[in-house]
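Quick look at data.cif (mmCIF, C-alpha atoms and all ligand atoms):
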data_entry
loop_
_atom_site.label_atom_id
_atom_site.label_comp_id
_atom_site.auth_asym_id
_atom_site.auth_seq_id
_atom_site.Cartn_x
_atom_site.Cartn_y
_atom_site.Cartn_z
CA MET A 92 -15.08 -11.03 0.06
CA VAL A 93 -11.51 -11.65 1.22
CA LEU A 94 -9.13 -11.68 -1.75
CA PRO A 95 -5.74 -13.41 -1.98
CA VAL A 96 -2.79 -11.05 -1.45
CA SER A 97 -0.18 -11.11 -4.22
CA ILE A 98 3.30 -11.98 -2.99
CA ILE A 99 6.63 -10.54 -4.15
CA GLY A 100 7.51 -12.19 -7.45
CA ALA A 101 4.06 -11.48 -8.90
CA ASN A 102 4.31 -9.26 -12.01
CA VAL A 103 1.35 -7.12 -10.97
CA LEU A 104 3.41 -5.76 -8.06
CA ARG A 105 5.94 -4.38 -10.55
CA GLN A 106 3.56 -2.63 -12.93
CA VAL A 107 2.72 1.08 -12.93
CA ALA A 108 -1.01 1.10 -12.20
CA LYS A 109 -3.52 3.07 -14.29
CA ASP A 110 -6.10 5.69 -13.36
CA ILE A 111 -9.74 4.60 -13.60
CA ASP A 112 -13.03 6.23 -14.68
CA LYS A 113 -16.16 6.74 -12.64
CA ASP A 114 -17.81 3.89 -14.52
CA TYR A 115 -15.16 1.34 -13.52
CA PRO A 116 -17.17 -1.89 -13.08
CA LYS A 117 -18.18 -2.91 -9.54
CA LEU A 118 -15.99 -0.27 -7.90
CA LYS A 119 -17.91 -0.15 -4.63
CA GLU A 120 -17.71 -3.91 -4.20
CA PHE A 121 -14.02 -3.83 -4.98
CA ILE A 122 -13.38 -1.16 -2.33
CA ASP A 123 -15.37 -3.20 0.20
CA ASP A 124 -13.29 -6.27 -0.71
CA LEU A 125 -10.05 -4.30 -0.27
CA PHE A 126 -11.05 -3.23 3.25
CA GLU A 127 -12.20 -6.75 4.12
CA THR A 128 -8.93 -8.24 2.87
CA MET A 129 -6.89 -5.61 4.74
CA TYR A 130 -8.70 -6.29 8.03
CA ASP A 131 -8.43 -10.05 7.54
CA SER A 132 -4.65 -9.75 7.14
CA ASP A 133 -4.23 -7.15 9.93
CA GLY A 134 -2.81 -4.52 7.59
CA VAL A 135 -3.16 -0.74 7.97
CA GLY A 136 -3.19 -0.21 4.22
CA LEU A 137 -3.77 -2.20 1.04
CA ALA A 138 -3.26 -1.22 -2.59
CA ALA A 139 -5.18 -2.63 -5.56
CA PRO A 140 -2.08 -4.19 -7.20
CA GLN A 141 -1.71 -6.30 -4.03
CA VAL A 142 -4.95 -8.04 -4.93
CA ASN A 143 -3.97 -8.43 -8.57
CA LYS A 144 -5.60 -5.27 -10.01
CA SER A 145 -3.29 -2.75 -11.63
CA ILE A 146 -5.33 0.38 -10.88
CA ARG A 147 -4.39 3.53 -8.91
CA LEU A 148 -6.45 2.82 -5.83
CA PHE A 149 -5.55 2.07 -2.23
CA VAL A 150 -7.27 2.04 1.13
CA VAL A 151 -5.90 2.81 4.58
CA ASP A 152 -7.20 2.42 8.09
CA ALA A 153 -4.53 3.31 10.60
CA SER A 154 -7.00 3.94 13.42
CA PRO A 155 -5.64 0.86 15.30
CA MET A 156 -2.38 2.86 15.61
CA GLU A 157 -4.17 5.63 17.48
CA GLU A 158 -2.29 4.89 20.70
CA GLU A 159 1.04 5.56 18.97
CA ASP A 160 -0.25 8.68 17.21
CA PRO A 161 -3.57 10.30 18.30
CA GLU A 162 -3.86 11.99 14.90
CA LEU A 163 -4.56 8.60 13.34
CA LYS A 164 -7.84 8.28 15.25
CA ASP A 165 -10.10 8.63 12.19
CA PHE A 166 -7.53 7.85 9.53
CA LYS A 167 -9.64 5.57 7.38
CA LYS A 168 -9.68 6.58 3.73
CA VAL A 169 -10.02 5.53 0.12
CA PHE A 170 -7.59 7.02 -2.42
CA ILE A 171 -8.60 6.76 -6.09
CA ASN A 172 -6.39 8.01 -8.94
CA ALA A 173 -3.85 9.10 -6.35
CA HIS A 174 -0.95 11.32 -7.39
CA ILE A 175 1.63 12.69 -4.94
CA THR A 176 2.59 16.19 -6.09
CA GLU A 177 5.02 17.26 -3.34
CA ARG A 178 7.24 15.59 -0.74
CA SER A 179 8.86 17.75 1.94
CA GLY A 180 9.93 17.91 5.57
CA ASP A 181 12.64 15.86 7.22
CA ILE A 182 13.69 12.44 5.99
CA ILE A 183 13.04 9.91 8.74
CA SER A 184 13.94 6.23 8.95
CA MET A 185 11.32 3.85 10.33
CA GLU A 186 10.66 0.12 10.26
CA GLU A 187 8.08 -1.05 7.72
CA GLY A 188 6.54 -4.30 6.67
CA CYS A 189 4.27 -5.31 3.79
CA LEU A 190 1.56 -7.94 3.35
CA SER A 191 3.16 -8.83 -0.01
CA ILE A 192 6.50 -9.60 1.69
CA PRO A 193 5.53 -11.69 4.74
CA GLY A 194 7.97 -11.91 7.63
CA ILE A 195 10.28 -9.07 6.57
CA ARG A 196 10.59 -5.75 8.41
CA GLU A 197 13.25 -3.18 7.56
CA GLU A 198 14.07 0.46 8.09
CA VAL A 199 12.94 2.73 5.26
CA LYS A 200 13.69 6.43 4.83
CA ARG A 201 10.82 8.68 3.81
CA GLU A 202 9.84 12.36 3.85
CA THR A 203 7.57 13.41 6.72
CA LYS A 204 5.19 15.54 4.67
CA ILE A 205 3.38 14.99 1.38
CA ARG A 206 0.80 16.67 -0.82
CA ILE A 207 -1.49 14.31 -2.69
CA GLU A 208 -4.34 14.65 -5.17
CA TYR A 209 -6.98 11.93 -5.20
CA TYR A 210 -10.68 11.13 -5.42
CA ASP A 211 -12.51 9.54 -2.52
CA GLU A 212 -15.11 6.75 -2.78
CA ASN A 213 -17.79 9.36 -3.64
CA TRP A 214 -15.62 10.76 -6.46
CA GLU A 215 -15.01 13.98 -4.52
CA PHE A 216 -11.65 15.48 -5.51
CA HIS A 217 -9.09 16.22 -2.77
CA ASP A 218 -5.77 18.06 -2.80
CA GLU A 219 -4.41 17.58 0.71
CA TYR A 220 -1.31 17.57 2.87
CA PHE A 221 -0.50 14.71 5.26
CA GLU A 222 2.26 14.50 7.84
CA GLY A 223 3.87 12.03 10.21
CA MET A 224 2.60 8.46 10.34
CA ALA A 225 -0.27 9.19 7.94
CA ALA A 226 2.22 10.44 5.34
CA ARG A 227 4.31 7.31 5.83
CA VAL A 228 1.39 4.90 5.41
CA ILE A 229 0.23 6.76 2.29
CA GLN A 230 3.72 6.76 0.74
CA HIS A 231 4.09 3.02 1.31
CA GLU A 232 0.72 2.25 -0.33
CA TYR A 233 1.32 4.81 -3.06
CA ASP A 234 4.60 3.12 -3.99
CA HIS A 235 2.60 -0.02 -4.80
CA LEU A 236 0.82 1.97 -7.55
CA ASP A 237 4.19 2.66 -9.14
CA GLY A 238 5.42 -0.93 -8.86
CA ILE A 239 7.76 -0.13 -5.96
CA LEU A 240 8.17 -2.30 -2.85
CA PHE A 241 9.68 -1.09 0.43
CA THR A 242 12.56 -3.54 0.04
CA ASP A 243 13.65 -1.52 -3.03
CA LYS A 244 14.29 1.42 -0.69
CA VAL A 245 16.55 -0.17 1.93
CA SER A 246 20.31 0.34 2.11
CA PRO A 247 22.52 -1.48 -0.44
CA LEU A 248 23.88 -3.73 2.32
CA THR A 249 20.41 -4.71 3.56
CA LYS A 250 19.37 -5.29 -0.03
CA ARG A 251 22.19 -7.79 -0.46
CA LEU A 252 21.31 -9.52 2.80
CA LEU A 253 17.65 -9.75 1.79
CA LYS A 254 18.18 -11.11 -1.69
CA GLY A 255 18.00 -14.82 -0.81
CA LYS A 256 15.13 -14.35 1.62
CA LEU A 257 13.06 -12.49 -0.95
CA ARG A 258 13.73 -15.22 -3.51
CA ASP A 259 12.54 -17.82 -0.99
CA ILE A 260 9.39 -15.83 -0.29
CA SER A 261 8.63 -15.51 -4.01
CA ARG A 262 8.87 -19.32 -4.23
CA GLY A 263 6.36 -19.79 -1.43
CA LYS A 264 8.75 -20.36 1.49
CA PHE A 265 7.02 -18.31 4.18
CA SER A 266 4.08 -18.52 6.50
CA ALA A 267 1.19 -16.08 6.48
CA HIS A 268 -2.14 -16.25 8.28
CA TYR A 269 -4.01 -14.81 5.25
CA LYS A 270 -4.82 -16.03 1.75
CA VAL A 271 -2.02 -15.40 -0.74
CA ARG A 272 -1.34 -15.58 -4.48
CA LEU A 273 2.15 -16.45 -5.67
CA GLY A 274 3.76 -15.13 -8.85
CA ASP A 275 2.98 -18.36 -10.72
CA GLY A 276 -0.72 -17.92 -9.90
CA ARG A 277 -0.88 -20.52 -7.12
CA VAL A 278 -3.34 -19.50 -4.39
CA ALA A 279 -2.64 -20.77 -0.88
NI NI B 301 2.88 -2.94 1.13
#
Before anything else, please render the file you have as structure tokens.
Amino acid sequence: MVLPVSIIGANVLRQVAKDIDKDYPKLKEFIDDLFETMYDSDGVGLAAPQVNKSIRLFVVDASPMEEEDPELKDFKKVFINAHITERSGDIISMEEGCLSIPGIREEVKRETKIRIEYYDENWEFHDEYFEGMAARVIQHEYDHLDGILFTDKVSPLTKRLLKGKLRDISRGKFSAHYKVRLGDGRVA
């Protein structure tokens, strides 16, 4: 089922999400819904808070970006109870966008290498390193679990320039080709 994507201004996007247990109700269906919603909105990642659930879970499928980076060929994963334990490497600036902030793309600086602990959809534990584009996609989605949006990480000048636009978006002044949920609960 395709779920509405929460838009900047929604409280859930600002909460620190919680770990879940193995007996979390209807987890498999929820993961399926996350993937379906992500594909429907042409995203390469989607975090649970973006569909109004404050739990530490996100999915990624960056395989469509294979042409830009061959290492992304099979980069389709589920991250449950994700915790980044190390960030290292160079700090690189790259343009990002977010389904929760339609129409905005800005340069964001991030480390090129991370170490992350998580469980997959079969509750297998992983402690892994990721680099390059994979590390970037993970860090963007991971930030959603901590209530952080990429527009929080832009330069002070860009932040000032964005202020009015972000306010407009939170009030519903934007166009998106996917189902959305505004901060006041309106679904469009
Ligand atoms: Ni995002």
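Taking all atoms listed in the file into account, Met224 in chain A lies nearest to A:Phe166 out of the set A:Tyr130, A:Tyr115, A:Phe149, A:Phe166.
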Spatial neighbours of Thr128 in chain A, max dist 10 Å, all atoms listed in the file, sep filter under 6 positions, as a count of residues only: 12
Near-ligand residues for ligand NI 301 (chain B), threshold 9 Å, only C-alpha atoms and all ligand atoms, as a count of residues only: 18
Length of the CA of Phe265 in chain A to CA of Lys244 in chain A vector [Å]: 21.6 Å
Contacts of Asp110 in chain A within 6 Å, only C-alpha atoms, excl. fewer than 3 positions in-chain, as a ChimeraX atom specification: /A:146-147,172
Exercise on range 210-224 of chain A, axis-aligned box with 3 Å per side, report centre and edge lengths in Å to one decimal, as AutoDock Vina command-line options:
--center_x -7.0 --center_y 12.4 --center_z 1.9 --size_x 27.7 --size_y 17.3 --size_z 22.8
Point-to-point distance from CA of Val150 in chain A to CA of Leu125 in chain A, Å rounded to tenths: 7.1 Å
A:Leu118, A:Ile183, A:Ala101, A:Met156 ranked by distance to Gly238 in chain A, top pick (using only C-alpha atoms):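 Selected residue with least distance to Gly238 in chain A: A:Ala101.
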Neighbour list for Ser184 in chain A as a list in words, cut-off 9 Å, only C-alpha atoms, skip fewer than 2 positions in-chain: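 Close residues of Ser184 in chain A: Ile182, Glu186, Glu198, Val199, Lys200, Arg201 and Glu202 of chain A.
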Residues as selected, C-alpha atoms, written as a compact mmCIF listing (two decimals), in the coordinates of the input, can you do that?
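What follows is the written file selection-v7.txt:
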# COMPACT_ATOMS: atom_id res chain seq x y z
CA ILE A 182 13.69 12.44 5.99
CA GLU A 186 10.66 0.12 10.26
CA GLU A 198 14.07 0.46 8.09
CA VAL A 199 12.94 2.73 5.26
CA LYS A 200 13.69 6.43 4.83
CA ARG A 201 10.82 8.68 3.81
CA GLU A 202 9.84 12.36 3.85
